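Everything below belongs to data_0.tsv, which stores TSV, C-alpha atoms and all ligand atoms.
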chain	number	residue	atom	x	y	z
L	28	MET	CA	2.35	-0.33	-1.40
L	29	ARG	CA	0.12	0.26	-4.37
L	30	LEU	CA	-3.10	2.02	-3.54
L	31	LEU	CA	-6.20	2.46	-5.69
L	32	LEU	CA	-7.97	5.71	-4.85
L	33	VAL	CA	-11.58	5.79	-6.09
L	34	GLU	CA	-13.06	9.25	-5.66
L	35	ASP	CA	-14.95	11.55	-8.01
L	36	ASP	CA	-14.17	14.85	-6.27
L	37	PRO	CA	-11.09	16.16	-8.13
L	38	SER	CA	-9.99	18.53	-5.35
L	39	LEU	CA	-10.13	15.74	-2.76
L	40	VAL	CA	-8.20	13.45	-5.12
L	41	GLN	CA	-5.52	16.07	-5.56
L	42	ARG	CA	-5.11	16.61	-1.83
L	43	LEU	CA	-5.20	12.92	-0.93
L	44	ARG	CA	-2.84	11.89	-3.69
L	45	SER	CA	-0.04	14.10	-2.46
L	46	GLU	CA	-0.61	13.16	1.21
L	47	LEU	CA	-0.72	9.45	0.39
L	48	GLU	CA	2.37	9.65	-1.81
L	49	ARG	CA	4.23	11.43	0.97
L	50	ALA	CA	3.19	8.55	3.25
L	51	GLY	CA	4.83	6.10	0.85
L	52	PHE	CA	1.90	4.82	-1.22
L	53	ALA	CA	2.08	4.50	-5.00
L	54	VAL	CA	-1.33	5.94	-5.94
L	55	ASP	CA	-3.57	5.35	-8.95
L	56	ALA	CA	-6.74	7.46	-8.88
L	57	VAL	CA	-9.96	6.79	-10.79
L	58	GLY	CA	-13.17	8.81	-10.67
L	59	ASP	CA	-15.98	6.46	-11.68
L	60	GLY	CA	-17.30	3.08	-10.60
L	61	VAL	CA	-16.91	1.21	-13.88
L	62	GLU	CA	-13.23	2.07	-14.24
L	63	ALA	CA	-12.70	1.39	-10.53
L	64	GLU	CA	-14.12	-2.11	-10.83
L	65	PHE	CA	-11.88	-2.84	-13.82
L	66	MET	CA	-8.70	-1.45	-12.21
L	67	GLY	CA	-9.28	-3.19	-8.89
L	68	ALA	CA	-9.85	-6.50	-10.63
L	69	SER	CA	-6.91	-6.28	-13.03
L	70	GLU	CA	-4.06	-4.57	-11.16
L	71	PRO	CA	-2.34	-6.03	-8.09
L	72	TYR	CA	-3.19	-3.35	-5.51
L	73	ASP	CA	-2.37	-3.73	-1.83
L	74	VAL	CA	-5.26	-1.59	-0.62
L	75	ALA	CA	-8.13	0.54	-1.97
L	76	VAL	CA	-9.85	3.69	-0.72
L	77	LEU	CA	-13.37	3.62	-2.14
L	78	ASP	CA	-15.86	6.48	-2.13
L	79	LEU	CA	-19.44	5.17	-2.18
L	80	GLY	CA	-21.13	7.95	-4.17
L	81	LEU	CA	-19.64	7.54	-7.64
L	82	PRO	CA	-20.79	8.15	-11.22
L	83	ARG	CA	-21.69	5.16	-13.47
L	84	ARG	CA	-21.56	2.51	-10.72
L	85	SER	CA	-21.88	2.96	-6.96
L	86	GLY	CA	-18.97	2.16	-4.68
L	87	LEU	CA	-21.09	-0.47	-2.93
L	88	GLU	CA	-21.73	-2.26	-6.19
L	89	VAL	CA	-18.04	-2.07	-7.14
L	90	LEU	CA	-17.11	-3.63	-3.79
L	91	ALA	CA	-19.79	-6.31	-4.04
L	92	ARG	CA	-18.55	-7.24	-7.52
L	93	TRP	CA	-14.93	-7.46	-6.39
L	94	ARG	CA	-15.94	-9.75	-3.53
L	95	ALA	CA	-18.21	-11.85	-5.76
L	96	GLY	CA	-15.19	-12.35	-8.00
L	97	GLY	CA	-13.11	-13.55	-5.03
L	98	ASN	CA	-10.97	-10.40	-4.87
L	99	PRO	CA	-9.64	-10.09	-1.27
L	100	LEU	CA	-8.24	-6.53	-1.77
L	101	PRO	CA	-8.40	-4.69	1.58
L	102	VAL	CA	-10.91	-1.85	1.13
L	103	LEU	CA	-11.54	1.26	3.20
L	104	ILE	CA	-14.80	2.97	2.24
L	105	LEU	CA	-15.49	6.70	2.46
L	106	THR	CA	-19.01	7.35	3.73
L	107	ALA	CA	-21.13	10.47	4.04
L	108	ARG	CA	-21.20	12.08	7.46
L	109	ASP	CA	-23.72	10.48	9.86
L	110	ALA	CA	-24.92	7.99	7.25
L	111	TRP	CA	-24.75	4.97	9.59
L	112	TYR	CA	-26.64	2.80	7.08
L	113	GLU	CA	-23.83	3.32	4.53
L	114	LYS	CA	-21.39	1.80	7.01
L	115	VAL	CA	-23.67	-1.20	7.60
L	116	ASP	CA	-24.20	-1.71	3.87
L	117	GLY	CA	-20.46	-1.27	3.29
L	118	PHE	CA	-19.48	-3.93	5.82
L	119	LYS	CA	-22.13	-6.28	4.40
L	120	ALA	CA	-20.64	-5.77	0.94
L	121	GLY	CA	-17.18	-6.68	2.27
L	122	ALA	CA	-15.51	-3.43	3.41
L	123	ASP	CA	-12.66	-3.78	5.91
L	124	ASP	CA	-12.86	-0.30	7.40
L	125	TYR	CA	-14.59	3.05	6.86
L	126	LEU	CA	-14.02	6.73	7.36
L	127	SER	CA	-16.76	9.39	7.35
L	128	LYS	CA	-16.32	12.57	5.35
L	129	PRO	CA	-14.89	15.02	6.17
L	130	PHE	CA	-11.78	13.43	7.64
L	131	HIS	CA	-8.15	14.27	8.33
L	132	SER	CA	-5.72	12.62	5.95
L	133	ALA	CA	-3.56	11.65	8.97
L	134	GLU	CA	-6.42	9.45	10.19
L	135	LEU	CA	-6.87	7.92	6.74
L	136	ILE	CA	-3.16	7.07	6.57
L	137	ALA	CA	-3.12	5.59	10.10
L	138	ARG	CA	-6.15	3.45	9.25
L	139	LEU	CA	-4.57	2.28	6.00
L	140	HIS	CA	-1.40	1.21	7.81
L	141	ALA	CA	-3.48	-0.69	10.39
L	142	LEU	CA	-5.53	-2.29	7.63
L	143	LEU	CA	-2.43	-3.45	5.79
L	144	ARG	CA	-1.08	-5.03	8.99
L	145	ARG	CA	-4.36	-6.77	9.72
L	146	SER	CA	-4.63	-8.08	6.19
L	147	ARG	CA	-1.24	-9.73	6.63
L	148	ALA	CA	-1.79	-10.79	10.26
L	149	GLN	CA	1.02	-8.51	11.44
L	150	PRO	CA	0.91	-7.35	15.06
L	151	GLN	CA	0.05	-3.68	15.57
L	152	GLY	CA	2.76	-1.19	16.48
L	153	PRO	CA	5.95	-0.54	14.55
L	154	LEU	CA	6.83	-3.05	11.87
L	155	ARG	CA	9.69	-5.17	13.27
L	156	VAL	CA	11.18	-7.89	11.12
L	157	ALA	CA	14.55	-9.63	10.97
L	158	GLY	CA	16.24	-7.24	13.40
L	159	PHE	CA	14.96	-4.08	11.72
L	160	GLU	CA	12.25	-1.66	12.75
L	161	LEU	CA	10.50	0.51	10.18
L	162	ASP	CA	9.16	3.86	11.33
L	163	GLU	CA	6.32	4.61	8.93
L	164	GLU	CA	5.86	8.17	10.18
L	165	THR	CA	9.40	9.34	9.57
L	166	GLN	CA	10.28	6.79	6.86
L	167	THR	CA	13.38	5.67	8.68
L	168	VAL	CA	14.69	2.19	9.43
L	169	ILE	CA	16.36	1.29	12.72
L	170	VAL	CA	18.85	-1.53	13.08
L	171	LEU	CA	17.70	-2.95	16.44
L	172	ALA	CA	21.06	-4.48	17.40
L	173	THR	CA	22.92	-1.19	17.16
L	174	ALA	CA	20.02	1.32	17.39
L	175	GLU	CA	21.45	2.88	14.22
L	176	ALA	CA	18.81	4.75	12.19
L	177	PHE	CA	18.81	5.38	8.43
L	178	ASP	CA	16.63	7.79	6.49
L	179	LEU	CA	15.00	6.27	3.44
L	180	THR	CA	13.97	7.88	0.17
L	181	GLY	CA	10.35	7.35	-0.92
L	182	THR	CA	11.19	4.42	-3.20
L	183	GLU	CA	13.56	2.82	-0.68
L	184	PHE	CA	10.84	3.07	1.95
L	185	ARG	CA	8.17	1.49	-0.26
L	186	LEU	CA	10.51	-1.30	-1.28
L	187	LEU	CA	11.70	-2.07	2.25
L	188	ARG	CA	8.16	-2.03	3.61
L	189	TYR	CA	7.12	-4.56	0.99
L	190	PHE	CA	10.09	-6.75	1.88
L	191	MET	CA	9.32	-6.47	5.60
L	192	LEU	CA	5.68	-7.44	5.07
L	193	HIS	CA	6.81	-10.57	3.19
L	194	PRO	CA	9.89	-11.86	5.04
L	195	GLY	CA	11.50	-15.12	4.01
L	196	ARG	CA	9.58	-15.26	0.74
L	197	ILE	CA	10.98	-15.19	-2.77
L	198	LEU	CA	9.75	-11.98	-4.38
L	199	SER	CA	10.24	-11.69	-8.11
L	200	LYS	CA	11.45	-8.46	-9.67
L	201	THR	CA	8.15	-8.18	-11.52
L	202	ARG	CA	6.16	-8.48	-8.32
L	203	LEU	CA	8.34	-5.99	-6.46
L	204	THR	CA	8.16	-3.52	-9.33
L	205	GLU	CA	4.37	-3.84	-9.50
L	206	HIS	CA	3.97	-3.13	-5.81
L	207	VAL	CA	6.51	-0.36	-5.47
L	208	TYR	CA	5.67	1.83	-8.47
L	209	ASP	CA	2.36	3.32	-9.51
L	210	PHE	CA	0.66	2.65	-12.84
L	211	VAL	CA	2.27	5.48	-14.76
L	212	THR	CA	5.82	5.39	-13.41
L	213	GLU	CA	8.21	3.69	-15.76
L	214	ARG	CA	8.83	0.16	-14.57
L	215	ASP	CA	12.34	-1.01	-15.13
L	216	SER	CA	13.85	-3.97	-13.30
L	217	ASN	CA	17.35	-2.46	-13.60
L	218	VAL	CA	16.12	0.47	-11.54
L	219	LEU	CA	14.81	-2.01	-8.97
L	220	GLU	CA	18.27	-3.52	-8.65
L	221	VAL	CA	19.69	-0.10	-7.93
L	222	TYR	CA	17.24	0.35	-5.04
L	223	VAL	CA	17.87	-3.14	-3.68
L	224	ASN	CA	21.58	-2.36	-3.62
L	225	ARG	CA	20.98	0.94	-1.86
L	226	LEU	CA	19.01	-0.87	0.85
L	227	ARG	CA	21.82	-3.42	1.18
L	228	ARG	CA	24.32	-0.63	1.73
L	229	LYS	CA	22.20	0.64	4.61
L	230	LEU	CA	21.06	-2.66	6.11
L	231	GLY	CA	23.97	-4.96	5.30
L	232	HIS	CA	24.51	-6.99	2.17
L	233	GLU	CA	23.09	-10.22	3.66
L	234	SER	CA	19.75	-8.57	4.53
L	235	ILE	CA	18.46	-9.13	0.98
L	236	VAL	CA	19.50	-12.36	-0.73
L	237	THR	CA	19.45	-12.74	-4.52
L	238	ARG	CA	17.92	-15.95	-5.85
L	239	ARG	CA	19.21	-16.14	-9.38
L	240	GLY	CA	16.40	-16.22	-11.94
L	241	GLN	CA	13.76	-16.04	-9.18
L	242	GLY	CA	14.10	-12.75	-7.36
L	243	TYR	CA	15.00	-11.57	-3.86
L	244	VAL	CA	14.43	-12.82	-0.33
L	245	PHE	CA	14.45	-10.50	2.68
L	246	GLY	CA	15.10	-11.48	6.30
L	247	ILE	CA	16.00	-15.06	5.56
L	248	GLU	CA	18.05	-15.43	8.77
L	249	ALA	CA	15.19	-14.59	11.07
L	250	ALA	CA	12.40	-16.22	9.09
S	301	CA	CA	-18.52	11.03	-4.39

Conversion result in structure tokens:
Amino acid sequence: MRLLLVEDDPSLVQRLRSELERAGFAVDAVGDGVEAEFMGASEPYDVAVLDLGLPRRSGLEVLARWRAGGNPLPVLILTARDAWYEKVDGFKAGADDYLSKPFHSAELIARLHALLRRSRAQPQGPLRVAGFELDEETQTVIVLATAEAFDLTGTEFRLLRYFMLHPGRILSKTRLTEHVYDFVTERDSNVLEVYVNRLRRKLGHESIVTRRGQGYVFGIEAA
């Protein structure tokens, strides 16, 4: 999942970036409202964490502009402690959730996972698709039929989660690459193939079907 982190406090960015990356997000961070608006409108993010007090353009205005432009990006806003009016203004501007500063990164990550499920109308609880269950805490996948569990590397986890959130759909290599890597990581579709094949070795070759010239389809049996 690609995440846009909009926050102007460098120490908070540093801490959150490593926590979020450990939780399997590919993170791009920006520190002002003008750049945030541009990035959110031009890159295909899955979710954004948006601080409201930002230089150059407020977080509320950034959010309102995204929504005015028809951008449905799920957005969690960071509000000042006890500033109830910021929450009200944030929801009016189109926020999907909020968290008041200071917060524990574990709560932020749990809320982001819930937000991603809601935005795709997935039931709450562990992600279960096509006979597999993904444990987002431990980054392992369980084959439900045999109860066999496999550890996943960070990239394998991000890729499989994206597949599991879009079962039965043709996903192009470009789309997968965009959602699995962050902005600065080198994007190479040959590398993607390597990861798809690693997942197949763990989950069975038929779990991910190749559609020549189009991309990959996950969970086609169950879909
Ligand atoms: Ca701020």

Given a cut-off of 9 Å, what residues near ligand CA 301 (chain S) show up using all atoms listed in the file, put as an MDAnalysis selection string? chainID L and resid 33:36 58:59 78:82 86 105:107

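The coordinates place CA of Leu30 (chain L) at 15.4 Å from CA of Trp93 (chain L).
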
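Using only C-alpha atoms, the nearest neighbour of Glu48 (chain L) within the list L:Ile235, L:Val218, L:Met28, L:Val74 is L:Met28.
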
Here is a test: counting all atoms listed in the file, which residue of L:Thr237, L:Thr173, L:Gln166, L:Ser146 is nearest to Val223 (chain L)?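 The closest residue to Val223 (chain L) is L:Thr237.
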
In Å, rounded to a single decimal, give me how far CA of Ala75 (chain L) is from CA of Leu103 (chain L).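 These atoms are spaced 6.2 Å apart.
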
Excluding region 193-203 of chain L and residues on its chain fewer than 3 positions from it, collect all residues at most 12 Å away from it, counting all atoms listed in the file, and give them as a PyMOL selection string. chain L and resi 28-29+70-73+143-144+147-149+154-159+182-183+185-190+206-209+214-223+234-250

Which neighbours of Ala122 (chain L) fall inside 6 Å, counting only C-alpha atoms, when residues of the same chain fewer than 3 positions from it are skipped, and could you give them as an MDAnalysis selection string? chainID L and resid 102 117:118

Among the residues L:Leu47, L:Met66, L:Val89, L:Leu39, the one that comes closest to Gly181 (chain L) [using only C-alpha atoms]: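 Among the listed residues, L:Leu47 lies closest to Gly181 (chain L).
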
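Distance-wise, CA of Arg49 (chain L) and CA of Arg228 (chain L) end up 23.4 Å apart.
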
Here's a test: counting only C-alpha atoms, identify every protein, DNA and RNA residue with an atom at most 7 Å from (18.7, 6.8, 7.5) in the file's coordinate frame, and state them as JSON, numbers by chain. {"L": [167, 168, 176, 177, 178, 179]}

List the spatial neighbours of Ala50 (chain L) as a ChimeraX atom specification - criterion: any atom at most 8 Å away, all atoms listed in the file, same-chain residues fewer than 3 positions off excluded. /L:46-47,136,163-164

Close residues, Arg44 (chain L) itself excluded, 8 Å, only C-alpha atoms, min 4 positions apart in chain, as a VMD selection string: chain L and resid 40 48 54 56
